[in-house]
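This report refers to the structure that appears directly beneath it.
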Amino acid sequence: MYETILYHLEEGVLTISLNRPDVMNAYNEQMGQELYAAFKQAETDDQVRVIVLTGTGRAFCSGQDLNMGGSMLNGTANLTNDVRDRYNPLITLMQMMRKPIIASVNGVAAGAGASFAMACDLRIASDKSKFTIAFCKIGLVPDSGASYFLPRLVGMSKAMELALTGDVIDAAEAERIGLVNRVVPSERLAEETIAFAKKLAVGPTYALGLTKRSIYQGAENDLITVLETEAQYQGMAGRSYDFKEGVTSFLEKRPSQFKGK
Ligand code: T3D
């Protein structure tokens, strides 16, 4: 069904793999459409409790495909429209959807590829991964949410340095500055990512989805607004099957059997 991505669902964990390894999984129009459709499909599929985004081959994603030629080289490209149409809806969808998304960063993440990793809720990186906010290297500016995510993840000072230089940093540095949650040996990346994802996939998906939204909103709003949002979300979570199950299993001293609703 998809040609530029792989879509594999197993035990509540959907793995979406960017699959153009010859160009380091560079992002083209078709990949944009397919990725958006895949996330949309995942959003409404109750079988999907957690999403993992990764890449095939030696890269995670090298950002925009620079082999497009034509308008890109003769100065007639309308990048405002490109970014609005092909990148922004995807980033918005990833942020708004009430399911955790884990980036399993298997190799280099460059330009919009780095933005995709940052737009995920968590990042597990291979020790062979590298990151570059590469936009300035080709005379462009950060997009796909890089200007939003980067300072939030690593702080203003480091964000500015990485964005203005486009310097490539390795996995250890990415972990040190808080760009990724953890680094694992490359040969164990898939296994460790899936193990972590499965832990989330048997969780109370409905509450985890609200938690995701709550944390992002908590970073944006004042305390009074956040307290009210939390009260609203707690009301919603409190009506869920999983809340009843959580309390019942606690009182019965047995593991919870969450259904994700
Ligand atoms: O257009 C719009 O809509 C605006 C939106 C823009 C969003 C963006 O993402 S702009 C940023 C675009 N990305 C880049 O500028 C990154 C370009 N690539 C690199 O800087 C490096 O390739 C990497 C740091 C990613 C990896 O370096 P390295 O040394 O490990 O590999 P390499 O030898 O440079 O690349 C390997 C192959 O992948 C090579 O092809 P070849 O020579 O084996 O046939 C290279 O051309 C290809 N490749 C890498 N990145 C891209 C790419 N091909 C097309 N597009 C790419 N982005």
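The chains in the structure tokens are called A, B, ... from first to last as shown; in each chain the residues are counted from 1, and the ligands are counted from 1 in the order shown.
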
Residues within 6 Å of Ala103 in chain A, please, as a PDB file with all heavy atoms, in the first residue's frame. Count only C-alpha atoms; anything in the same chain fewer than 4 positions from it doesn't count.
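Output contents, as saved in part-v4.pdb:
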```
ATOM      1  N   VAL A  52       6.286   3.972  16.606  1.00  0.00           N
ATOM      2  CA  VAL A  52       7.744   4.122  16.516  1.00  0.00           C
ATOM      3  C   VAL A  52       8.060   4.629  15.116  1.00  0.00           C
ATOM      4  O   VAL A  52       7.580   4.068  14.125  1.00  0.00           O
ATOM      5  CB  VAL A  52       8.457   2.767  16.761  1.00  0.00           C
ATOM      6  CG1 VAL A  52       9.952   2.878  16.437  1.00  0.00           C
ATOM      7  CG2 VAL A  52       8.253   2.301  18.198  1.00  0.00           C
ATOM      8  N   LEU A  53       8.839   5.694  15.035  1.00  0.00           N
ATOM      9  CA  LEU A  53       9.280   6.214  13.735  1.00  0.00           C
ATOM     10  C   LEU A  53      10.774   5.951  13.600  1.00  0.00           C
ATOM     11  O   LEU A  53      11.566   6.354  14.469  1.00  0.00           O
ATOM     12  CB  LEU A  53       9.000   7.720  13.642  1.00  0.00           C
ATOM     13  CG  LEU A  53       9.380   8.398  12.322  1.00  0.00           C
ATOM     14  CD1 LEU A  53       8.546   7.857  11.154  1.00  0.00           C
ATOM     15  CD2 LEU A  53       9.203   9.918  12.418  1.00  0.00           C
ATOM     16  N   ALA A 117      12.479  13.836  14.167  1.00  0.00           N
ATOM     17  CA  ALA A 117      12.868  13.180  15.423  1.00  0.00           C
ATOM     18  C   ALA A 117      12.430  14.028  16.616  1.00  0.00           C
ATOM     19  O   ALA A 117      11.937  13.508  17.625  1.00  0.00           O
ATOM     20  CB  ALA A 117      14.376  12.947  15.449  1.00  0.00           C
ATOM     21  N   CYS A 120       8.733  13.910  17.563  1.00  0.00           N
ATOM     22  CA  CYS A 120       8.289  12.734  18.312  1.00  0.00           C
ATOM     23  C   CYS A 120       8.339  13.071  19.802  1.00  0.00           C
ATOM     24  O   CYS A 120       8.979  14.037  20.225  1.00  0.00           O
ATOM     25  CB  CYS A 120       9.199  11.538  18.008  1.00  0.00           C
ATOM     26  SG  CYS A 120       9.076  10.966  16.292  1.00  0.00           S
ATOM     27  N   ARG A 123      12.883  10.089  22.179  1.00  0.00           N
ATOM     28  CA  ARG A 123      13.892   9.718  21.201  1.00  0.00           C
ATOM     29  C   ARG A 123      14.875   8.719  21.809  1.00  0.00           C
ATOM     30  O   ARG A 123      15.518   9.022  22.824  1.00  0.00           O
ATOM     31  CB  ARG A 123      14.696  10.959  20.749  1.00  0.00           C
ATOM     32  CG  ARG A 123      13.972  11.853  19.748  1.00  0.00           C
ATOM     33  CD  ARG A 123      14.331  13.296  19.885  1.00  0.00           C
ATOM     34  NE  ARG A 123      13.849  13.819  21.164  1.00  0.00           N
ATOM     35  CZ  ARG A 123      12.587  14.192  21.394  1.00  0.00           C
ATOM     36  NH1 ARG A 123      11.707  14.170  20.417  1.00  0.00           N
ATOM     37  NH2 ARG A 123      12.206  14.605  22.592  1.00  0.00           N
TER      38      ARG A 123
END
```

Practice task
Report as number ranges by chain which protein, DNA and RNA residues come within 7 Å of ligand 1, using only C-alpha atoms and all ligand atoms.
Solution key: A: 22-24, 26, 62-67, 79, 82-83, 108-113, 132, 134-135, 137-138, 140, 143

Fill in the blank from the handout: Restricting to only C-alpha atoms, whichever of A:Arg188, A:Lys128, A:Arg98, A:Arg176 is closest to Arg213 in chain A is A:Arg98

Problem - Contacts of Thr80 in chain A at 12 Å (only C-alpha atoms; same-chain gap of 6+ positions) as an MDAnalysis selection string - result: chainID A and resid 86:88 140:141 143:144

Grab the residues selected above and save them as a compact mmCIF listing (two decimals), in the first residue's frame with C-alpha atoms.
```
# COMPACT_ATOMS: atom_id res chain seq x y z
CA ARG A 86 4.03 19.11 2.96
CA TYR A 87 5.61 19.56 6.36
CA ASN A 88 3.38 21.58 8.67
CA LEU A 140 17.69 27.82 4.31
CA VAL A 141 16.16 28.41 7.72
CA ASP A 143 11.50 24.37 9.44
CA SER A 144 9.16 21.52 10.36
```

Completion exercise
One residue among A:Tyr2, A:Phe116, A:Tyr27, A:Phe39 is nearest to Met68 in chain A when using only C-alpha atoms, and that residue is A:Tyr27

Excluding Pro100 in chain A and its own-chain neighbours fewer than 5 positions away, which residues fall within 8 Å of it when counting only C-alpha atoms? Please give them as a PDB file with C-alpha atoms, in the first residue's frame.
```
ATOM      1  CA  ARG A  49      -1.269   2.112  21.114  1.00  0.00           C
ATOM      2  CA  VAL A  50       2.243   3.459  20.443  1.00  0.00           C
ATOM      3  CA  ILE A  51       4.058   4.545  17.284  1.00  0.00           C
ATOM      4  CA  CYS A 120       8.289  12.734  18.312  1.00  0.00           C
ATOM      5  CA  ASP A 121       7.555  12.593  22.038  1.00  0.00           C
ATOM      6  CA  LEU A 122      10.614  10.530  22.946  1.00  0.00           C
ATOM      7  CA  LEU A 208      -1.255   8.527  28.181  1.00  0.00           C
ATOM      8  CA  GLY A 209      -2.659  10.452  25.218  1.00  0.00           C
ATOM      9  CA  LYS A 212       1.052  13.885  26.248  1.00  0.00           C
TER      10      LYS A 212
END
```

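Our summary of the geometry notes that CA of Gln95 in chain A is positioned 27.7 Å from CA of Ser256 in chain A.
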
Practice task
Measure the distance from CA of Ala174 in chain A to CA of Leu189 in chain A in Å and round it to one decimal.
Solution key: 15.8 Å

Handout entry: Distance in Å - CA of Met118 in chain A versus CA of Leu227 in chain A
Key = 26.3 Å
